[in-house]
There are 2 protein chains.
Amino acid sequence: MYRTHNCGELRISDVGKQVRLSGWVQANRDFGAMTFMDIRDRYGITQIVFSLEEDKQLCESARKLGREFVIMIDGKVRERTNKNLNRDTGEIEIQVNGLQILNSSKVPPFTIEDDTDGGDDIRMKYRYLDLRRSPVQKNILFRSKLSLETRKYLSDLDFAEIETPFLIKSTPEGARDFVVPSRMNAGQFYALPQSPQTFKQILMVAGYDRYFQIVKCFRDEDLRADRQPEFTQIDCEMAFVTQEEVLNTFEGLTRHLFRHTLGLELGDFPRMKYDDAMRLYGSDKPDLRFDMVFVELNEVVKNKGFSIFDEAELIIGIKVPGKADMTRKQIDELTDWVKRPQIGAKGLVSVRYNQDGIKSSVDKFYDQDALQQWVELFGATQGDLMLILSGETDKVRKQLGELRLEMGRRLDLMKKGEFKPLWVLDFPLLEWDDDTQRFYAMHHPFTSPKKEQIEAMASDDREVLKNLRADAYDLVINGVEIGGGSIRIHDRALQAKNFKLLGFTPEEAENQFGFLLGAFEYGAPPHGGIAFGFDRLCAVLNGQNSIRDFIAFPKNNQGRDMMIDAPSEIASAQLDELALKLNIK
Amino acid sequence: MYRTHNCGELRISDVGKQVRLSGWVQANRDFGAMTFMDIRDRYGITQIVFSLEEDKQLCESARKLGREFVIMIDGKVRERTNKNLNRDTGEIEIQVNGLQILNSSKVPPFTIEDDTDGGDDIRMKYRYLDLRRSPVQKNILFRSKLSLETRKYLSDLDFAEIETPFLIKSTPEGARDFVVPSRMNAGQFYALPQSPQTFKQILMVAGYDRYFQIVKCFRDEDLRADRQPEFTQIDCEMAFVTQEEVLNTFEGLTRHLFRHTLGLELGDFPRMKYDDAMRLYGSDKPDLRFDMVFVELNEVVKNKGFSIFDEAELIIGIKVPGKADMTRKQIDELTDWVKRPQIGAKGLVSVRYNQDGIKSSVDKFYDQDALQQWVELFGATQGDLMLILSGETDKVRKQLGELRLEMGRRLDLMKKGEFKPLWVLDFPLLEWDDDTQRFYAMHHPFTSPKKEQIEAMASDDREVLKNLRADAYDLVINGVEIGGGSIRIHDRALQAKNFKLLGFTPEEAENQFGFLLGAFEYGAPPHGGIAFGFDRLCAVLNGQNSIRDFIAFPKNNQGRDMMIDAPSEIASAQLDELALKLNIK
């Protein structure tokens, strides 16, 4: 036996016990007559003591132990004279009377501390050392706890976890698939699933009523900063439900997770229509930790001789409370910020409501009376700053949305530890793409249009089709989309109509999704569901931005696993068996 | 809202309530003045009644409903006159006062009954209908329950569930990998994991102490009757453990699963060395539901003029209690059975201990005194039959093992509902392969040899190496291996030594497993683990042989998913992006 206790569990009540511990040498401090050592495992750190007087040989061997050596010690628990109350085991120490080195360690290439000196690449190559660092370990164990609590909540509600296949069929719709050549079927390929969407719908048709799965999904996309080629979803589906029941069920899940991992009670889950979110926040995932809703100024700013506003489709602004004291220089800097190509605004109009009146950057065109009108629209009071952008509707909303978030950051309004959930509802059914001159599904091709709009799906008018709304919803927390779903189509004819809008020929629809269309002919119940991005959810609950820190073995931006050095070349015999040849240009 | 209750929950105490149910039409019986219908969902079946007198129109619409139509009904719960106590809802029925057809259904291509008339292929193509059948649904929901209970047990013991990657590196050792071409790294491939073995070991090195995962694994093998290209493991690993602790922990898991899914308390988990299992049962996974251990006869049968025994390396037999009354003809049929190529015995010697004495099929060579000696070795009494095979040790053991199982089947000794677990211990470290003239790892290359045998690993003597034993163990229930594991090597030099025995050059070892060898240099703790075949475990607990019935969407023997028709061809643009060309000969 390697231990009677772990390194985190001994307490003052254990004093006097003979114990055995195993762990890693965290620190080794030599004080002449005594050597103090911290030994560490997943559960905590315990101080152990070697006394030169009591056992010279033992103490001398202890002094040779380097950091990260793995040792097993026997000893007696005693009360510490110098207690460390920041540590659960800080009231006791072990007077060692036996030592065995289980394994030695070379000097690690970076320090195993909360703040390490190791860069990204070296930490990924030596991931087994990086994973020892306390913040990383906390993240990985948090993830484990979060998955457990998810399963508890859903199982208690009769959701059955059902595994769907990983070797499925490639479909050109949506993102790019990873494919897997089939040796037994030369020239044919499986695809790895981007989501279990069609399978969970099939399970509803098959009568499983409530399904969930915490499951890996795959997308072969060019990796932006925080994307991974493989990622994890909490994937859920329910039969015989309305949107209202789905929202309530997963509001419940979210509350449960916050309660049982963070000990936090979430407040309201307000609901906002997609159109309102875009109009008021310029985003389909507004961060509600702070206000600054958009104010539309079209009616009061046009026809005063300021051609930029006159020609703009939309003029909108936000009120920044108490920031009327911004200097000219600061405003100029902010103007440069919105003109950066990432934001793309042409300029910024500012209005300061100071003690000595209302001053704007467009005083030439607007007198005090005019500005007074603006101030009223904004509901501004003395001390407030107003920032105004103008241009094409979609663009200017996006730009002002970015500026709003930037002001939130600068004014420190996005408080860590504060969580503001929001349901965004009634997303558009379709999204027009100018490049390919066709509609794409905003959520996915299986999303149900709102009942009252089914008739309008037959229209030829692009604007009518753009305005179709779907029973689709996103759950947003602090400006991050953590989940999204919809009520699905369960009628063959309606599904065929939707495929047609998405540019599928009947043959393409049959070839790719014939099994689902077929299933709809044998008693498909109404159903709907949701999927949460599990990696993202872990990060949001911890107030962090990067999902990579919550994945035990992430890939880098080139899709490489630096530790195992994958992907890699394979033997030509393997290629032959798969009936493939490399074709590198 | 589609329902106030599901189809399995209404009871006599609900009589008088106005309720709404949704479900599938299971049966529709017209009795003139009344129409009785069974509606079904995952939770049960409820009888509903339409009365011609009370609502003619409603009743007439009801009569048109076909099987598998999806309906929503409103009605009043009332007590049945004709109760069905085999059904949880059998004391009540619903007097319908509202009906809505949610979806219609074509006539299914096979009957949705416990015993269906559908063949394998059609059931797989219409898997969404097959999954509606009660025995299949029970299996899939049982699997969900089994995974939940696995997670409960392991989480309570501080095992953390940690996800390991699916896109890893191909290694030529072991079974054939499925590979995934990397678009971002032209000419390079990921592999899908055959198991998370090296990652879980890395997690131990990283200090995670107790890991588990219920995880999909992949093997591109030619599919025998009951293999699947993707299968699920309960994968576990523990640091600072001895074999004894691993065995106890997973004996505990097994007990927990039987208790909480079947309500069964398992008896002892006896332990048997691999060598003994082979010697006594001719198998490394003996079925202990019945006895018939092998009896070795070499000492008493040789040098009596029977050349077949004289020339045999091993003569062994089993005693079949009470079967001395087998006829000559029955024995001849059994002799033919063992001579079939699948078994491959040359012949069968039988001894019957009847009222009128001991009769053998080799009376010519052995007199009563000699046979009396045999009987004593067998511990046989009047009425017993003895069956004896001879030949090369390994072969004859395997043959007699098969005969033993066959006799168990014929005598109905493998009782359904009876479960006999067994730990098989001390497996060989290496397995010699005559074809390739090299050793392979019996478990896997990371398995630790028994401590006292490490020195012998340096031997050049093939026989010495064959006799090396490892800290490797299998959990067997009713003759089926449901789990296997080992204590792992955690020392770089020992791992290198083992790779060498397996024919790796140092370069190959470094190229394939350099990260693990490296990890062993930075304080790797002693560790060990186990993996359970989850599909197999589901089947064994239900006394079934086929794992396919416990997988929602299995593949057929050609590795095809018949429902979605995968694998399939992909677009040439996809191949181009992946820098691949087909090379079909």
# chains A, B, ... in the order shown; residues from 1 in each chain; ligands from 1
>>> residues_around(residues="A:His490", least_positions_apart="6", cutoff="7 Å", atoms="only C-alpha atoms", output="PyMOL selection string")
chain A and resi 520+524-526
>>> residues_around(residues="stretch 566-572 of chain A", least_positions_apart="3", cutoff="6 Å", atoms="only C-alpha atoms", output="list in words")
Arg560, Asp561 and Leu575 of chain A; Ile168, Lys169, Gln188, Phe189 and Tyr190 of chain B
>>> write_last_selection(atoms="all heavy atoms", output="mmCIF file, in the first residue's frame")
data_model
loop_
_atom_site.group_PDB
_atom_site.id
_atom_site.type_symbol
_atom_site.label_atom_id
_atom_site.label_comp_id
_atom_site.auth_asym_id
_atom_site.auth_seq_id
_atom_site.Cartn_x
_atom_site.Cartn_y
_atom_site.Cartn_z
ATOM 1 N N ARG A 560 -2.475 20.991 -34.223
ATOM 2 C CA ARG A 560 -1.495 19.993 -33.777
ATOM 3 C C ARG A 560 -1.606 19.734 -32.288
ATOM 4 O O ARG A 560 -1.819 20.643 -31.499
ATOM 5 C CB ARG A 560 -0.063 20.463 -34.054
ATOM 6 C CG ARG A 560 0.312 20.598 -35.509
ATOM 7 C CD ARG A 560 1.829 20.539 -35.687
ATOM 8 N NE ARG A 560 2.299 19.182 -35.532
ATOM 9 C CZ ARG A 560 2.213 18.257 -36.488
ATOM 10 N NH1 ARG A 560 1.690 18.547 -37.657
ATOM 11 N NH2 ARG A 560 2.642 17.042 -36.263
ATOM 12 N N ASP A 561 -1.421 18.477 -31.918
ATOM 13 C CA ASP A 561 -1.182 18.117 -30.534
ATOM 14 C C ASP A 561 0.330 18.105 -30.359
ATOM 15 O O ASP A 561 1.028 17.251 -30.898
ATOM 16 C CB ASP A 561 -1.788 16.747 -30.234
ATOM 17 C CG ASP A 561 -1.620 16.336 -28.774
ATOM 18 O OD1 ASP A 561 -0.520 16.573 -28.219
ATOM 19 O OD2 ASP A 561 -2.562 15.773 -28.211
ATOM 20 N N LEU A 575 -1.788 3.581 -46.457
ATOM 21 C CA LEU A 575 -2.460 4.265 -47.565
ATOM 22 C C LEU A 575 -2.963 3.262 -48.601
ATOM 23 O O LEU A 575 -4.090 3.370 -49.092
ATOM 24 C CB LEU A 575 -1.493 5.257 -48.221
ATOM 25 C CG LEU A 575 -1.264 6.560 -47.468
ATOM 26 C CD1 LEU A 575 -0.156 7.363 -48.129
ATOM 27 C CD2 LEU A 575 -2.556 7.385 -47.420
ATOM 28 N N ILE B 168 -5.784 11.662 -32.586
ATOM 29 C CA ILE B 168 -4.467 11.420 -32.003
ATOM 30 C C ILE B 168 -3.516 10.912 -33.077
ATOM 31 O O ILE B 168 -3.665 11.248 -34.244
ATOM 32 C CB ILE B 168 -4.564 10.493 -30.773
ATOM 33 C CG1 ILE B 168 -5.016 9.095 -31.166
ATOM 34 C CG2 ILE B 168 -5.527 11.080 -29.741
ATOM 35 C CD1 ILE B 168 -4.812 8.069 -30.060
ATOM 36 N N LYS B 169 -2.538 10.110 -32.687
ATOM 37 C CA LYS B 169 -1.473 9.735 -33.602
ATOM 38 C C LYS B 169 -1.554 8.252 -33.924
ATOM 39 O O LYS B 169 -1.800 7.441 -33.038
ATOM 40 C CB LYS B 169 -0.148 10.053 -32.904
ATOM 41 C CG LYS B 169 1.089 9.828 -33.732
ATOM 42 C CD LYS B 169 2.281 10.395 -32.985
ATOM 43 C CE LYS B 169 3.580 10.069 -33.663
ATOM 44 N NZ LYS B 169 4.628 11.006 -33.221
ATOM 45 N N GLN B 188 -0.452 14.508 -43.835
ATOM 46 C CA GLN B 188 -0.410 13.963 -42.480
ATOM 47 C C GLN B 188 -1.814 13.516 -42.047
ATOM 48 O O GLN B 188 -2.814 13.971 -42.594
ATOM 49 C CB GLN B 188 0.148 15.002 -41.509
ATOM 50 C CG GLN B 188 1.563 15.425 -41.882
ATOM 51 C CD GLN B 188 2.233 16.231 -40.774
ATOM 52 O OE1 GLN B 188 1.598 16.663 -39.827
ATOM 53 N NE2 GLN B 188 3.532 16.423 -40.912
ATOM 54 N N PHE B 189 -1.816 12.629 -41.077
ATOM 55 C CA PHE B 189 -3.070 12.027 -40.631
ATOM 56 C C PHE B 189 -3.135 12.005 -39.107
ATOM 57 O O PHE B 189 -2.135 11.808 -38.432
ATOM 58 C CB PHE B 189 -3.173 10.572 -41.133
ATOM 59 C CG PHE B 189 -3.262 10.453 -42.633
ATOM 60 C CD1 PHE B 189 -2.136 10.649 -43.423
ATOM 61 C CD2 PHE B 189 -4.470 10.160 -43.248
ATOM 62 C CE1 PHE B 189 -2.210 10.565 -44.810
ATOM 63 C CE2 PHE B 189 -4.550 10.063 -44.628
ATOM 64 C CZ PHE B 189 -3.427 10.265 -45.412
ATOM 65 N N TYR B 190 -4.343 12.160 -38.600
ATOM 66 C CA TYR B 190 -4.636 11.787 -37.229
ATOM 67 C C TYR B 190 -5.052 10.316 -37.238
ATOM 68 O O TYR B 190 -5.359 9.763 -38.279
ATOM 69 C CB TYR B 190 -5.813 12.583 -36.661
ATOM 70 C CG TYR B 190 -5.677 14.080 -36.668
ATOM 71 C CD1 TYR B 190 -6.282 14.845 -37.659
ATOM 72 C CD2 TYR B 190 -4.957 14.734 -35.668
ATOM 73 C CE1 TYR B 190 -6.182 16.233 -37.658
ATOM 74 C CE2 TYR B 190 -4.858 16.118 -35.660
ATOM 75 C CZ TYR B 190 -5.466 16.862 -36.659
ATOM 76 O OH TYR B 190 -5.363 18.226 -36.646
#
>>> residues_around(residues="B:Leu203", least_positions_apart="5", cutoff="9 Å", atoms="only C-alpha atoms", output="ChimeraX atom specification")
/A:128,131,552 /B:162,198,208-211,237
>>> write_last_selection(atoms="all heavy atoms", output="compact mmCIF listing (two decimals), in the first residue's frame")
# COMPACT_ATOMS: atom_id res chain seq x y z
N TYR A 128 1.99 17.18 -19.57
CA TYR A 128 1.87 16.43 -18.31
C TYR A 128 2.43 17.22 -17.14
O TYR A 128 2.05 16.96 -16.00
CB TYR A 128 2.54 15.05 -18.41
CG TYR A 128 3.88 15.03 -19.11
CD1 TYR A 128 5.06 15.21 -18.41
CD2 TYR A 128 3.95 14.82 -20.49
CE1 TYR A 128 6.29 15.18 -19.06
CE2 TYR A 128 5.17 14.80 -21.15
CZ TYR A 128 6.34 14.98 -20.43
OH TYR A 128 7.54 14.97 -21.07
N LEU A 131 -0.21 20.33 -16.70
CA LEU A 131 -1.44 19.87 -16.05
C LEU A 131 -1.29 19.72 -14.54
O LEU A 131 -2.27 19.57 -13.82
CB LEU A 131 -1.86 18.51 -16.64
CG LEU A 131 -2.56 18.53 -18.00
CD1 LEU A 131 -2.62 17.13 -18.60
CD2 LEU A 131 -3.96 19.12 -17.91
N ALA A 552 -8.07 19.07 -21.38
CA ALA A 552 -6.85 18.42 -20.88
C ALA A 552 -5.76 18.40 -21.95
O ALA A 552 -4.60 18.69 -21.66
CB ALA A 552 -7.17 17.01 -20.39
N ILE B 162 -12.33 12.71 -17.19
CA ILE B 162 -11.51 13.65 -17.97
C ILE B 162 -11.51 13.19 -19.41
O ILE B 162 -11.21 12.03 -19.71
CB ILE B 162 -10.07 13.72 -17.42
CG1 ILE B 162 -10.11 14.18 -15.95
CG2 ILE B 162 -9.21 14.66 -18.27
CD1 ILE B 162 -8.76 14.14 -15.26
N THR B 198 -2.45 5.74 -23.40
CA THR B 198 -1.30 6.60 -23.06
C THR B 198 -1.76 7.90 -22.41
O THR B 198 -1.09 8.42 -21.52
CB THR B 198 -0.43 6.90 -24.29
OG1 THR B 198 -1.25 7.39 -25.34
CG2 THR B 198 0.27 5.64 -24.79
N TYR B 208 -3.41 13.48 -11.55
CA TYR B 208 -4.88 13.50 -11.43
C TYR B 208 -5.41 12.35 -10.57
O TYR B 208 -6.60 12.30 -10.26
CB TYR B 208 -5.55 13.61 -12.81
CG TYR B 208 -5.39 15.02 -13.29
CD1 TYR B 208 -4.16 15.48 -13.77
CD2 TYR B 208 -6.41 15.93 -13.16
CE1 TYR B 208 -3.97 16.80 -14.13
CE2 TYR B 208 -6.24 17.26 -13.52
CZ TYR B 208 -5.02 17.69 -14.01
OH TYR B 208 -4.84 19.00 -14.36
N ASP B 209 -4.53 11.44 -10.22
CA ASP B 209 -4.76 10.44 -9.17
C ASP B 209 -5.79 9.37 -9.51
O ASP B 209 -5.50 8.19 -9.41
CB ASP B 209 -5.16 11.13 -7.86
CG ASP B 209 -4.74 10.29 -6.66
OD1 ASP B 209 -3.54 10.26 -6.37
OD2 ASP B 209 -5.61 9.63 -6.07
N ARG B 210 -7.00 9.77 -9.86
CA ARG B 210 -8.03 8.79 -10.21
C ARG B 210 -8.81 9.33 -11.40
O ARG B 210 -9.48 10.36 -11.28
CB ARG B 210 -8.98 8.56 -9.03
CG ARG B 210 -8.29 7.90 -7.87
CD ARG B 210 -9.23 7.67 -6.71
NE ARG B 210 -8.64 6.64 -5.87
CZ ARG B 210 -9.34 5.86 -5.05
NH1 ARG B 210 -10.64 6.00 -4.96
NH2 ARG B 210 -8.74 4.95 -4.32
N TYR B 211 -8.71 8.64 -12.49
CA TYR B 211 -9.34 9.06 -13.74
C TYR B 211 -10.32 8.02 -14.20
O TYR B 211 -10.10 6.82 -14.03
CB TYR B 211 -8.25 9.23 -14.81
CG TYR B 211 -8.68 8.84 -16.21
CD1 TYR B 211 -9.19 9.80 -17.10
CD2 TYR B 211 -8.59 7.52 -16.66
CE1 TYR B 211 -9.58 9.43 -18.38
CE2 TYR B 211 -8.98 7.16 -17.94
CZ TYR B 211 -9.48 8.11 -18.80
OH TYR B 211 -9.87 7.75 -20.07
N GLU B 237 -8.09 4.63 -14.43
CA GLU B 237 -6.69 4.57 -14.03
C GLU B 237 -6.53 5.19 -12.63
O GLU B 237 -7.25 6.14 -12.28
CB GLU B 237 -5.81 5.33 -15.05
CG GLU B 237 -4.34 4.99 -14.99
CD GLU B 237 -3.96 3.66 -15.64
OE1 GLU B 237 -4.83 2.99 -16.22
OE2 GLU B 237 -2.77 3.28 -15.55
>>> residues_around(residues="B:Arg219", least_positions_apart="2", cutoff="7 Å", atoms="only C-alpha atoms", output="list in words")
Ala175, Arg176, Asp177, Phe178, Gln194, Glu221, Pro229 and Glu230 of chain B
>>> select_by_dssp(residues="stretch 319-448 of chain B", states="alpha helix (DSSP H)", output="VMD selection string")
chain B and resid 328 to 339 368 to 378 393 to 410
>>> closest_residue(among="B:Met292, B:Ala370, B:Val464, B:Ile234", to="B:Gly401", atoms="only C-alpha atoms")
B:Met292
>>> residues_around(residues="stretch 45-53 of chain B", least_positions_apart="6", cutoff="7 Å", atoms="only C-alpha atoms", output="ChimeraX atom specification")
/B:7-8,33-39,59,89,93-96
>>> closest_residue(among="A:Asn84, A:Asn467, A:Gln100, A:Thr242", to="chain B", atoms="only C-alpha atoms")
A:Thr242
>>> closest_residue(among="A:Lys364, A:Arg469, A:Lys152, A:Lys273", to="chain B", atoms="only C-alpha atoms")
A:Lys152
>>> closest_residue(among="B:Arg279, B:Lys555, B:Arg438, B:Lys64", to="chain A", atoms="only C-alpha atoms")
B:Lys555
>>> closest_residue(among="A:Ser390, A:Asn103, A:Ser546, A:Asn28", to="chain B", atoms="only C-alpha atoms")
A:Asn103
>>> select_by_dssp(residues="stretch 261-480 of chain B", states="strand (DSSP E or B)", output="PyMOL selection string")
chain B and resi 271-273+295-296+314-320+349-354+357-360+385-391+421-425+428+430-433+438-441+447+449+469-470+472-477+480
>>> closest_residue(among="A:Gly529, A:Pro196, A:Gly379, A:Gly174", to="A:Pro445", atoms="only C-alpha atoms")
A:Gly174
>>> residues_around(residues="stretch 122-127 of chain B", least_positions_apart="3", cutoff="7 Å", atoms="only C-alpha atoms", output="list in words")
Gly118, Gly119, Asp130, Leu131, Met562 and Met563 of chain B
>>> write_last_selection(atoms="N, CA and C atoms", output="short mmCIF file (atom, residue, chain, number, x, y, z; two decimals), in the first residue's frame")
data_model
loop_
_atom_site.label_atom_id
_atom_site.label_comp_id
_atom_site.auth_asym_id
_atom_site.auth_seq_id
_atom_site.Cartn_x
_atom_site.Cartn_y
_atom_site.Cartn_z
N GLY B 118 -39.61 -8.56 -38.88
CA GLY B 118 -38.61 -7.91 -39.73
C GLY B 118 -37.25 -8.59 -39.65
N GLY B 119 -36.60 -8.79 -40.80
CA GLY B 119 -35.25 -9.33 -40.82
C GLY B 119 -34.24 -8.27 -40.42
N ASP B 130 -37.38 0.12 -35.47
CA ASP B 130 -36.88 -1.00 -34.66
C ASP B 130 -36.64 -0.56 -33.21
N LEU B 131 -36.12 0.68 -33.07
CA LEU B 131 -35.83 1.20 -31.73
C LEU B 131 -37.10 1.44 -30.91
N MET B 562 -26.75 1.14 -42.08
CA MET B 562 -27.74 0.92 -43.14
C MET B 562 -28.78 2.03 -43.17
N MET B 563 -28.97 2.71 -42.03
CA MET B 563 -30.01 3.74 -42.00
C MET B 563 -29.56 4.99 -42.74
#
>>> residues_around(residues="B:Gly98", least_positions_apart="2", cutoff="9 Å", atoms="only C-alpha atoms", output="short mmCIF file (atom, residue, chain, number, x, y, z; two decimals) with N, CA, C and O atoms, in the first residue's frame")
data_model
loop_
_atom_site.label_atom_id
_atom_site.label_comp_id
_atom_site.auth_asym_id
_atom_site.auth_seq_id
_atom_site.Cartn_x
_atom_site.Cartn_y
_atom_site.Cartn_z
N ARG B 20 -54.40 15.38 -20.25
CA ARG B 20 -54.02 15.38 -21.67
C ARG B 20 -52.84 14.44 -21.85
O ARG B 20 -51.84 14.53 -21.12
N LEU B 58 -66.23 12.38 -32.91
CA LEU B 58 -64.94 12.07 -32.30
C LEU B 58 -64.63 10.58 -32.47
O LEU B 58 -63.54 10.18 -32.85
N MET B 72 -52.76 13.43 -29.77
CA MET B 72 -52.87 14.09 -28.47
C MET B 72 -54.34 14.02 -28.09
O MET B 72 -55.20 14.37 -28.90
N ILE B 73 -54.64 13.55 -26.89
CA ILE B 73 -56.04 13.46 -26.48
C ILE B 73 -56.27 14.17 -25.15
O ILE B 73 -55.37 14.24 -24.30
N ASP B 74 -57.47 14.70 -25.00
CA ASP B 74 -57.92 15.20 -23.71
C ASP B 74 -59.01 14.26 -23.22
O ASP B 74 -59.75 13.70 -24.03
N GLY B 75 -59.09 14.10 -21.93
CA GLY B 75 -60.13 13.21 -21.43
C GLY B 75 -60.12 13.11 -19.93
O GLY B 75 -59.31 13.75 -19.24
N VAL B 96 -62.24 9.79 -23.64
CA VAL B 96 -61.71 10.90 -24.45
C VAL B 96 -62.78 11.94 -24.77
O VAL B 96 -63.90 11.59 -25.15
N GLN B 100 -56.50 15.28 -31.16
CA GLN B 100 -55.78 15.97 -32.23
C GLN B 100 -54.73 15.04 -32.81
O GLN B 100 -53.98 14.40 -32.05
#
>>> atom_distance(atom1="atom CA of A:Met407", atom2="atom CA of A:Ile331")
11.9 Å
>>> decode(residues="stretch 153-158 of chain B", atoms="all heavy atoms", output="short mmCIF file (atom, residue, chain, number, x, y, z; two decimals), in the first residue's frame")
data_model
loop_
_atom_site.label_atom_id
_atom_site.label_comp_id
_atom_site.auth_asym_id
_atom_site.auth_seq_id
_atom_site.Cartn_x
_atom_site.Cartn_y
_atom_site.Cartn_z
N TYR B 153 -20.83 5.65 -8.94
CA TYR B 153 -19.91 4.88 -8.10
C TYR B 153 -18.50 5.47 -8.17
O TYR B 153 -17.86 5.70 -7.14
CB TYR B 153 -19.90 3.42 -8.56
CG TYR B 153 -18.88 2.57 -7.83
CD1 TYR B 153 -19.19 1.97 -6.61
CD2 TYR B 153 -17.60 2.38 -8.34
CE1 TYR B 153 -18.25 1.20 -5.94
CE2 TYR B 153 -16.65 1.61 -7.67
CZ TYR B 153 -16.99 1.03 -6.47
OH TYR B 153 -16.06 0.27 -5.80
N LEU B 154 -18.03 5.73 -9.38
CA LEU B 154 -16.65 6.20 -9.52
C LEU B 154 -16.48 7.62 -8.99
O LEU B 154 -15.48 7.94 -8.36
CB LEU B 154 -16.20 6.08 -10.98
CG LEU B 154 -16.06 4.64 -11.48
CD1 LEU B 154 -15.80 4.60 -12.98
CD2 LEU B 154 -14.93 3.90 -10.74
N SER B 155 -17.46 8.48 -9.23
CA SER B 155 -17.36 9.85 -8.73
C SER B 155 -17.33 9.87 -7.21
O SER B 155 -16.61 10.66 -6.61
CB SER B 155 -18.56 10.69 -9.21
OG SER B 155 -18.62 10.68 -10.60
N ASP B 156 -18.12 9.00 -6.60
CA ASP B 156 -18.12 8.95 -5.14
C ASP B 156 -16.75 8.53 -4.59
O ASP B 156 -16.43 8.82 -3.44
CB ASP B 156 -19.19 7.95 -4.64
CG ASP B 156 -20.58 8.58 -4.69
OD1 ASP B 156 -20.67 9.80 -4.87
OD2 ASP B 156 -21.57 7.83 -4.55
N LEU B 157 -15.97 7.87 -5.42
CA LEU B 157 -14.61 7.48 -4.99
C LEU B 157 -13.56 8.46 -5.50
O LEU B 157 -12.38 8.11 -5.60
CB LEU B 157 -14.29 6.07 -5.50
CG LEU B 157 -15.09 4.92 -4.87
CD1 LEU B 157 -14.66 3.60 -5.49
CD2 LEU B 157 -14.87 4.88 -3.35
N ASP B 158 -13.98 9.67 -5.85
CA ASP B 158 -13.05 10.73 -6.27
C ASP B 158 -12.43 10.51 -7.64
O ASP B 158 -11.43 11.18 -7.97
CB ASP B 158 -11.93 10.93 -5.25
CG ASP B 158 -12.35 11.85 -4.12
OD1 ASP B 158 -13.24 12.68 -4.34
OD2 ASP B 158 -11.78 11.73 -3.02
#
